[in-house]
$ cat query_6.csv   # CSV, C-alpha atoms
chain,number,residue,atom,x,y,z
A,1,ARG,CA,-15.3,26.9,14.3
A,2,HIS,CA,-11.9,28.3,14.6
A,3,VAL,CA,-10.3,25.4,16.5
A,4,LYS,CA,-8.0,23.1,14.5
A,5,LYS,CA,-7.3,19.7,15.9
A,6,THR,CA,-4.8,17.2,14.7
A,7,TYR,CA,-4.7,13.6,15.9
A,8,TRP,CA,-2.2,10.9,15.0
A,9,ALA,CA,-3.2,7.3,14.9
A,10,LEU,CA,-1.6,4.0,14.0
A,11,VAL,CA,-4.1,1.9,12.0
A,12,LYS,CA,-4.3,-1.6,10.7
A,13,GLY,CA,-4.0,-1.6,7.0
A,14,ILE,CA,-3.2,1.2,4.6
A,15,PRO,CA,-6.0,3.7,3.8
A,16,ASN,CA,-6.6,3.9,0.0
A,17,PRO,CA,-6.5,6.6,-1.2
A,18,ALA,CA,-3.5,7.8,0.9
A,19,GLN,CA,-5.4,11.0,1.8
A,20,GLY,CA,-9.0,11.9,1.7
A,21,ARG,CA,-12.2,13.0,3.4
A,22,ILE,CA,-14.6,10.7,5.2
A,23,ASP,CA,-18.1,12.3,5.2
A,24,VAL,CA,-20.2,9.6,6.8
A,25,ALA,CA,-23.0,10.4,9.2
A,26,LEU,CA,-22.9,8.4,12.4
A,27,ILE,CA,-25.5,6.9,14.7
A,28,LYS,CA,-25.2,5.3,18.1
A,29,ALA,CA,-25.5,1.5,18.1
A,30,HIS,CA,-26.4,-0.2,21.3
A,31,SER,CA,-25.1,-3.7,22.1
A,32,GLU,CA,-24.3,-5.9,25.1
A,33,GLU,CA,-20.6,-5.0,24.7
A,34,GLY,CA,-21.4,-1.3,25.0
A,35,ASP,CA,-22.4,1.6,22.8
A,36,ARG,CA,-20.5,2.1,19.5
A,37,MET,CA,-20.9,4.6,16.7
A,38,ARG,CA,-21.6,3.3,13.1
A,39,ALA,CA,-22.5,4.7,9.7
A,40,SER,CA,-26.2,5.4,9.5
A,41,LYS,CA,-28.4,3.5,7.2
A,42,PRO,CA,-31.3,4.6,5.0
A,43,GLY,CA,-34.3,5.3,7.2
A,44,GLU,CA,-32.1,6.4,10.2
A,45,GLU,CA,-31.7,10.0,9.0
A,46,GLU,CA,-33.6,11.4,12.0
A,47,ASP,CA,-31.1,10.0,14.5
A,48,GLU,CA,-27.9,10.4,12.5
A,49,LYS,CA,-25.2,13.0,13.3
A,50,ALA,CA,-23.2,14.5,10.5
A,51,ALA,CA,-19.5,13.6,10.8
A,52,VAL,CA,-16.5,14.6,8.6
A,53,THR,CA,-12.9,13.7,9.0
A,54,GLN,CA,-9.9,14.5,6.8
A,55,TYR,CA,-7.0,12.0,6.9
A,56,ALA,CA,-3.6,11.6,5.4
A,57,VAL,CA,-1.1,8.7,5.5
A,58,LEU,CA,2.2,9.9,6.9
A,59,ASP,CA,4.1,6.6,6.8
A,60,LYS,CA,3.5,2.9,6.5
A,61,ALA,CA,5.3,-0.4,7.5
A,62,GLU,CA,4.4,-4.0,8.2
A,63,GLY,CA,0.8,-3.6,7.1
A,64,LEU,CA,0.2,-0.6,9.4
A,65,ALA,CA,-0.1,3.1,8.6
A,66,TRP,CA,0.6,6.2,10.6
A,67,VAL,CA,-2.2,8.7,9.8
A,68,SER,CA,-2.9,12.3,10.6
A,69,LEU,CA,-6.6,12.9,11.3
A,70,LYS,CA,-8.4,16.2,11.3
A,71,PRO,CA,-12.0,16.1,12.5
A,72,LEU,CA,-14.2,18.8,11.0
A,73,THR,CA,-17.0,17.8,13.3
A,74,GLY,CA,-16.8,16.5,16.9
A,75,ARG,CA,-18.9,13.4,17.3
A,76,GLN,CA,-18.4,10.7,19.9
A,77,HIS,CA,-15.9,8.1,18.7
A,78,GLN,CA,-15.8,9.9,15.3
A,79,LEU,CA,-12.2,9.1,14.4
A,80,ARG,CA,-12.4,5.6,15.7
A,81,ALA,CA,-15.7,4.9,13.8
A,82,HIS,CA,-14.5,6.6,10.6
A,83,MET,CA,-11.2,4.7,10.4
A,84,ASN,CA,-13.1,1.5,11.0
A,85,HIS,CA,-15.6,2.4,8.4
A,86,ILE,CA,-12.9,2.6,5.7
A,87,GLY,CA,-11.4,-0.7,6.8
A,88,THR,CA,-8.4,0.5,8.8
A,89,ALA,CA,-9.3,0.2,12.5
A,90,ILE,CA,-7.0,2.1,15.0
A,91,VAL,CA,-4.5,-0.3,16.6
A,92,GLY,CA,-5.6,-1.3,20.1
A,93,ASP,CA,-9.2,-0.1,19.7
A,94,ASN,CA,-11.3,-2.8,21.5
A,95,LYS,CA,-14.6,-1.3,20.3
A,96,TYR,CA,-13.9,-1.2,16.6
A,97,GLY,CA,-11.7,-4.3,16.0
A,98,GLY,CA,-8.3,-2.7,16.3
A,99,ASP,CA,-7.3,-5.0,19.1
A,100,LEU,CA,-7.3,-8.2,17.0
A,101,ASP,CA,-4.4,-9.8,15.1
A,102,LEU,CA,-1.8,-7.2,16.2
A,103,VAL,CA,1.7,-7.1,14.8
A,104,ALA,CA,4.3,-8.6,17.1
A,105,GLY,CA,5.8,-6.1,19.5
A,106,ILE,CA,3.0,-3.6,19.2
A,107,GLU,CA,1.2,-3.0,22.6
A,108,ASN,CA,-2.5,-3.7,22.6
A,109,ARG,CA,-3.5,-0.2,23.7
A,110,LEU,CA,-5.4,2.5,21.8
A,111,HIS,CA,-3.0,4.1,19.3
A,112,LEU,CA,-4.8,7.4,19.0
A,113,HIS,CA,-3.1,10.6,20.1
A,114,ALA,CA,-4.4,14.2,20.3
A,115,ARG,CA,-1.2,15.7,18.7
A,116,ARG,CA,-2.0,19.4,18.2
A,117,ILE,CA,-4.6,22.0,18.8
A,118,GLN,CA,-4.6,25.5,17.4
A,119,PHE,CA,-7.1,28.4,17.9
A,120,PRO,CA,-7.1,32.2,17.9
A,121,HIS,CA,-6.3,33.8,21.3
A,122,PRO,CA,-9.2,36.0,22.4
A,123,ARG,CA,-6.9,39.1,22.7
A,124,ALA,CA,-4.0,38.5,20.2
A,125,GLY,CA,-2.2,35.9,18.3
A,126,GLU,CA,-2.8,32.2,18.2
A,127,VAL,CA,-2.6,29.4,20.8
A,128,ASP,CA,-0.7,26.4,19.3
A,129,VAL,CA,-0.1,23.4,21.5
A,130,THR,CA,1.6,20.2,20.5
A,131,ALA,CA,1.6,17.2,22.8
A,132,PRO,CA,4.4,14.6,23.0
A,133,LEU,CA,3.6,11.0,22.0
A,134,PRO,CA,2.5,8.6,24.8
A,135,GLU,CA,5.2,6.0,25.6
A,136,HIS,CA,3.3,3.1,24.0
A,137,ILE,CA,2.8,4.9,20.7
A,138,ALA,CA,6.4,6.2,20.8
A,139,GLN,CA,7.6,2.5,21.2
A,140,SER,CA,5.4,1.4,18.3
A,141,PHE,CA,6.8,4.2,16.1
A,142,SER,CA,10.3,3.2,17.0
A,143,LYS,CA,9.7,-0.5,16.2
A,144,LEU,CA,8.3,0.6,12.8
A,145,ASP,CA,11.0,3.2,12.2
A,146,PHE,CA,8.5,6.1,12.0
A,147,ASP,CA,10.2,9.4,12.7
A,148,ALA,CA,7.6,11.5,14.6
A,149,GLY,CA,10.0,14.5,14.5
A,150,ARG,CA,9.7,14.6,10.7
A,151,PHE,CA,6.1,15.9,11.0
A,152,ASP,CA,6.4,18.2,14.0
A,153,GLY,CA,3.9,21.0,13.5
A,154,SER,CA,1.5,18.9,11.4
$ encode --input "query_6.csv" --output "structure tokens"
Amino acid sequence: RHVKKTYWALVKGIPNPAQGRIDVALIKAHSEEGDRMRASKPGEEEDEKAAVTQYAVLDKAEGLAWVSLKPLTGRQHQLRAHMNHIGTAIVGDNKYGGDLDLVAGIENRLHLHARRIQFPHPRAGEVDVTAPLPEHIAQSFSKLDFDAGRFDGS
């Protein structure tokens, strides 16, 4: 409960509103292409898992948005399923449609990055770790003129 996680993602489309909370229970959907998570439907309450994600658009260009994602729960594929649910699949996500119709020059790899984790140290202080961007995401940010250094610590 005391762990704070921040992810960065490049998504197709611009979330509207620019920041918000996605509180959509998820359920595992089985298919020939593999399992996916999707929003539960009426009558599936017994099998659904509560899932909540906070998001904020940090920048946008060429019909893509750089978003900060903060999961308040920890479900399988939660961030991927939630972004797809609001119509902005993560770029390169082959399970949720983010690998289709990519912007030229953007590599077809999952653009989801565990940017930062914070939690209380058991003896004193706080552990706060920030991870550098993977090369393919850094290249995409460069192409789109996104300045990752502008939000260091977010």
$ closest_atom_pairs --input "query_6.csv" --of "range 15-126 of chain A" --to "range 145-149 of chain A" --cutoff "10 Å" --atoms "only C-alpha atoms" --output "CSV"
residue,atom,partner,partner_atom,distance
A:Leu58,CA,A:Phe146,CA,9.0
A:Asp59,CA,A:Phe146,CA,6.8
A:Lys60,CA,A:Phe146,CA,8.1
A:Ala61,CA,A:Asp145,CA,8.2
A:Ala65,CA,A:Phe146,CA,9.7
A:Trp66,CA,A:Phe146,CA,8.0
$ closest_atom_pairs --input "query_6.csv" --of "range 8-41 of chain A" --to "range 109-124 of chain A" --cutoff "9 Å" --atoms "all atoms listed in the file" --output "tab-separated table"
residue	atom	partner	partner_atom	distance
A:Trp8	CA	A:His113	CA	5.2
A:Ala9	CA	A:Leu112	CA	4.4
A:Leu10	CA	A:His111	CA	5.5
A:Val11	CA	A:His111	CA	7.7
$ atom_distance --input "query_6.csv" --atom1 "CA of Lys12 in chain A" --atom2 "CA of Val52 in chain A"
20.4 Å
$ closest_residue --input "query_6.csv" --among "A:Glu135, A:Asp93, A:Asp101, A:Glu33" --to "His77 in chain A" --atoms "only C-alpha atoms"
A:Asp93
$ residues_around --input "query_6.csv" --residues "Pro15 in chain A" --least-positions-apart "2" --cutoff "8 Å" --atoms "only C-alpha atoms" --output "JSON, numbers by chain"
{"A": [13, 17, 18, 19, 57, 65, 86, 87, 88]}
$ closest_residue --input "query_6.csv" --among "A:Asn84, A:Met37, A:Leu69, A:Glu62" --to "Leu102 in chain A" --atoms "only C-alpha atoms"
A:Glu62
$ atom_distance --input "query_6.csv" --atom1 "CA of Asp128 in chain A" --atom2 "CA of Ala50 in chain A"
26.9 Å
$ residues_around --input "query_6.csv" --residues "range 20-27 of chain A" --least-positions-apart "5" --cutoff "12 Å" --atoms "all atoms listed in the file" --output "compact mmCIF listing (two decimals) with C-alpha atoms, in the coordinates of the input"
# COMPACT_ATOMS: atom_id res chain seq x y z
CA PRO A 15 -6.00 3.70 3.80
CA ASP A 35 -22.40 1.60 22.80
CA ARG A 36 -20.50 2.10 19.50
CA MET A 37 -20.90 4.60 16.70
CA ARG A 38 -21.60 3.30 13.10
CA ALA A 39 -22.50 4.70 9.70
CA SER A 40 -26.20 5.40 9.50
CA LYS A 41 -28.40 3.50 7.20
CA PRO A 42 -31.30 4.60 5.00
CA GLY A 43 -34.30 5.30 7.20
CA GLU A 44 -32.10 6.40 10.20
CA GLU A 45 -31.70 10.00 9.00
CA GLU A 46 -33.60 11.40 12.00
CA ASP A 47 -31.10 10.00 14.50
CA GLU A 48 -27.90 10.40 12.50
CA LYS A 49 -25.20 13.00 13.30
CA ALA A 50 -23.20 14.50 10.50
CA ALA A 51 -19.50 13.60 10.80
CA VAL A 52 -16.50 14.60 8.60
CA THR A 53 -12.90 13.70 9.00
CA GLN A 54 -9.90 14.50 6.80
CA TYR A 55 -7.00 12.00 6.90
CA ALA A 56 -3.60 11.60 5.40
CA VAL A 57 -1.10 8.70 5.50
CA VAL A 67 -2.20 8.70 9.80
CA SER A 68 -2.90 12.30 10.60
CA LEU A 69 -6.60 12.90 11.30
CA LYS A 70 -8.40 16.20 11.30
CA PRO A 71 -12.00 16.10 12.50
CA LEU A 72 -14.20 18.80 11.00
CA THR A 73 -17.00 17.80 13.30
CA GLY A 74 -16.80 16.50 16.90
CA ARG A 75 -18.90 13.40 17.30
CA GLN A 76 -18.40 10.70 19.90
CA HIS A 77 -15.90 8.10 18.70
CA GLN A 78 -15.80 9.90 15.30
CA LEU A 79 -12.20 9.10 14.40
CA ARG A 80 -12.40 5.60 15.70
CA ALA A 81 -15.70 4.90 13.80
CA HIS A 82 -14.50 6.60 10.60
CA MET A 83 -11.20 4.70 10.40
CA ASN A 84 -13.10 1.50 11.00
CA HIS A 85 -15.60 2.40 8.40
CA ILE A 86 -12.90 2.60 5.70
CA GLY A 87 -11.40 -0.70 6.80
$ closest_residue --input "query_6.csv" --among "A:Asp99, A:Glu126, A:Glu32, A:Glu107" --to "Val3 in chain A" --atoms "all atoms listed in the file"
A:Glu126
$ atom_distance --input "query_6.csv" --atom1 "CA of Tyr7 in chain A" --atom2 "CA of Ile106 in chain A"
19.1 Å
$ closest_residue --input "query_6.csv" --among "A:Arg150, A:Lys28, A:Ile14, A:Phe141" --to "Gly105 in chain A" --atoms "only C-alpha atoms"
A:Phe141
$ decode --input "query_6.csv" --residues "range 137-152 of chain A" --atoms "all heavy atoms" --output "short mmCIF file (atom, residue, chain, number, x, y, z; two decimals), in the first residue's frame"
data_model
loop_
_atom_site.label_atom_id
_atom_site.label_comp_id
_atom_site.auth_asym_id
_atom_site.auth_seq_id
_atom_site.Cartn_x
_atom_site.Cartn_y
_atom_site.Cartn_z
N ILE A 137 12.22 3.72 -26.90
CA ILE A 137 11.33 4.80 -26.44
C ILE A 137 12.07 6.13 -26.51
O ILE A 137 11.49 7.15 -26.94
CB ILE A 137 10.79 4.51 -25.02
CG1 ILE A 137 9.94 3.22 -25.03
CG2 ILE A 137 9.98 5.69 -24.51
CD1 ILE A 137 9.41 2.80 -23.67
N ALA A 138 13.34 6.16 -26.14
CA ALA A 138 14.13 7.38 -26.25
C ALA A 138 14.17 7.87 -27.70
O ALA A 138 14.04 9.08 -27.96
CB ALA A 138 15.54 7.16 -25.72
N GLN A 139 14.30 6.97 -28.64
CA GLN A 139 14.31 7.34 -30.06
C GLN A 139 12.96 7.92 -30.48
O GLN A 139 12.90 8.91 -31.22
CB GLN A 139 14.68 6.14 -30.93
CG GLN A 139 16.13 5.75 -30.85
CD GLN A 139 16.45 4.47 -31.60
OE1 GLN A 139 15.56 3.79 -32.12
NE2 GLN A 139 17.72 4.13 -31.66
N SER A 140 11.88 7.31 -30.03
CA SER A 140 10.55 7.82 -30.36
C SER A 140 10.35 9.21 -29.76
O SER A 140 9.83 10.11 -30.41
CB SER A 140 9.46 6.86 -29.85
OG SER A 140 9.56 5.62 -30.50
N PHE A 141 10.77 9.40 -28.51
CA PHE A 141 10.65 10.70 -27.86
C PHE A 141 11.45 11.74 -28.63
O PHE A 141 10.99 12.87 -28.83
CB PHE A 141 11.11 10.63 -26.41
CG PHE A 141 10.07 10.13 -25.43
CD1 PHE A 141 9.04 9.29 -25.82
CD2 PHE A 141 10.13 10.50 -24.10
CE1 PHE A 141 8.09 8.84 -24.91
CE2 PHE A 141 9.19 10.05 -23.18
CZ PHE A 141 8.17 9.23 -23.60
N SER A 142 12.64 11.37 -29.06
CA SER A 142 13.47 12.30 -29.82
C SER A 142 12.79 12.69 -31.13
O SER A 142 12.74 13.87 -31.49
CB SER A 142 14.83 11.65 -30.10
OG SER A 142 15.63 12.50 -30.88
N LYS A 143 12.23 11.72 -31.85
CA LYS A 143 11.54 11.99 -33.10
C LYS A 143 10.37 12.95 -32.88
O LYS A 143 10.09 13.80 -33.72
CB LYS A 143 11.03 10.69 -33.73
CG LYS A 143 10.32 10.93 -35.07
CD LYS A 143 9.45 9.76 -35.45
CE LYS A 143 8.72 9.96 -36.75
NZ LYS A 143 8.12 11.25 -37.01
N LEU A 144 9.69 12.81 -31.76
CA LEU A 144 8.51 13.62 -31.45
C LEU A 144 8.85 14.91 -30.69
O LEU A 144 7.96 15.67 -30.34
CB LEU A 144 7.51 12.79 -30.65
CG LEU A 144 6.97 11.55 -31.37
CD1 LEU A 144 6.27 10.61 -30.40
CD2 LEU A 144 6.05 11.93 -32.52
N ASP A 145 10.15 15.14 -30.44
CA ASP A 145 10.62 16.31 -29.68
C ASP A 145 10.06 16.35 -28.25
O ASP A 145 9.76 17.43 -27.72
CB ASP A 145 10.29 17.63 -30.41
CG ASP A 145 11.14 17.82 -31.65
OD1 ASP A 145 12.31 17.40 -31.63
OD2 ASP A 145 10.62 18.38 -32.63
N PHE A 146 9.90 15.20 -27.62
CA PHE A 146 9.51 15.13 -26.22
C PHE A 146 10.79 15.20 -25.38
O PHE A 146 11.76 14.50 -25.66
CB PHE A 146 8.78 13.82 -25.89
CG PHE A 146 7.43 13.67 -26.54
CD1 PHE A 146 6.86 12.41 -26.62
CD2 PHE A 146 6.73 14.74 -27.06
CE1 PHE A 146 5.61 12.23 -27.21
CE2 PHE A 146 5.48 14.58 -27.65
CZ PHE A 146 4.92 13.32 -27.72
N ASP A 147 10.78 16.02 -24.34
CA ASP A 147 11.93 16.19 -23.47
C ASP A 147 11.71 15.42 -22.17
O ASP A 147 11.08 15.94 -21.24
CB ASP A 147 12.16 17.67 -23.19
CG ASP A 147 13.32 17.93 -22.25
OD1 ASP A 147 14.08 17.00 -21.93
OD2 ASP A 147 13.47 19.10 -21.82
N ALA A 148 12.24 14.20 -22.11
CA ALA A 148 12.05 13.36 -20.92
C ALA A 148 12.64 14.00 -19.67
O ALA A 148 12.14 13.80 -18.56
CB ALA A 148 12.64 11.97 -21.14
N GLY A 149 13.68 14.78 -19.80
CA GLY A 149 14.31 15.44 -18.66
C GLY A 149 13.41 16.47 -18.01
O GLY A 149 13.58 16.79 -16.84
N ARG A 150 12.42 16.96 -18.74
CA ARG A 150 11.50 17.96 -18.21
C ARG A 150 10.67 17.42 -17.05
O ARG A 150 10.23 18.15 -16.19
CB ARG A 150 10.58 18.40 -19.35
CG ARG A 150 9.65 19.52 -19.02
CD ARG A 150 8.95 20.00 -20.26
NE ARG A 150 8.11 18.93 -20.79
CZ ARG A 150 7.00 19.17 -21.47
NH1 ARG A 150 6.61 20.39 -21.71
NH2 ARG A 150 6.27 18.16 -21.90
N PHE A 151 10.48 16.10 -17.05
CA PHE A 151 9.64 15.51 -16.01
C PHE A 151 10.40 14.52 -15.14
O PHE A 151 9.80 13.62 -14.55
CB PHE A 151 8.42 14.80 -16.63
CG PHE A 151 7.45 15.76 -17.24
CD1 PHE A 151 7.41 15.94 -18.61
CD2 PHE A 151 6.60 16.50 -16.44
CE1 PHE A 151 6.53 16.84 -19.17
CE2 PHE A 151 5.71 17.40 -17.00
CZ PHE A 151 5.67 17.57 -18.37
N ASP A 152 11.70 14.65 -15.06
CA ASP A 152 12.44 13.78 -14.14
C ASP A 152 11.89 13.95 -12.75
O ASP A 152 11.62 15.06 -12.30
CB ASP A 152 13.94 14.11 -14.15
CG ASP A 152 14.66 13.45 -15.31
OD1 ASP A 152 14.10 12.49 -15.87
OD2 ASP A 152 15.75 13.90 -15.66
#
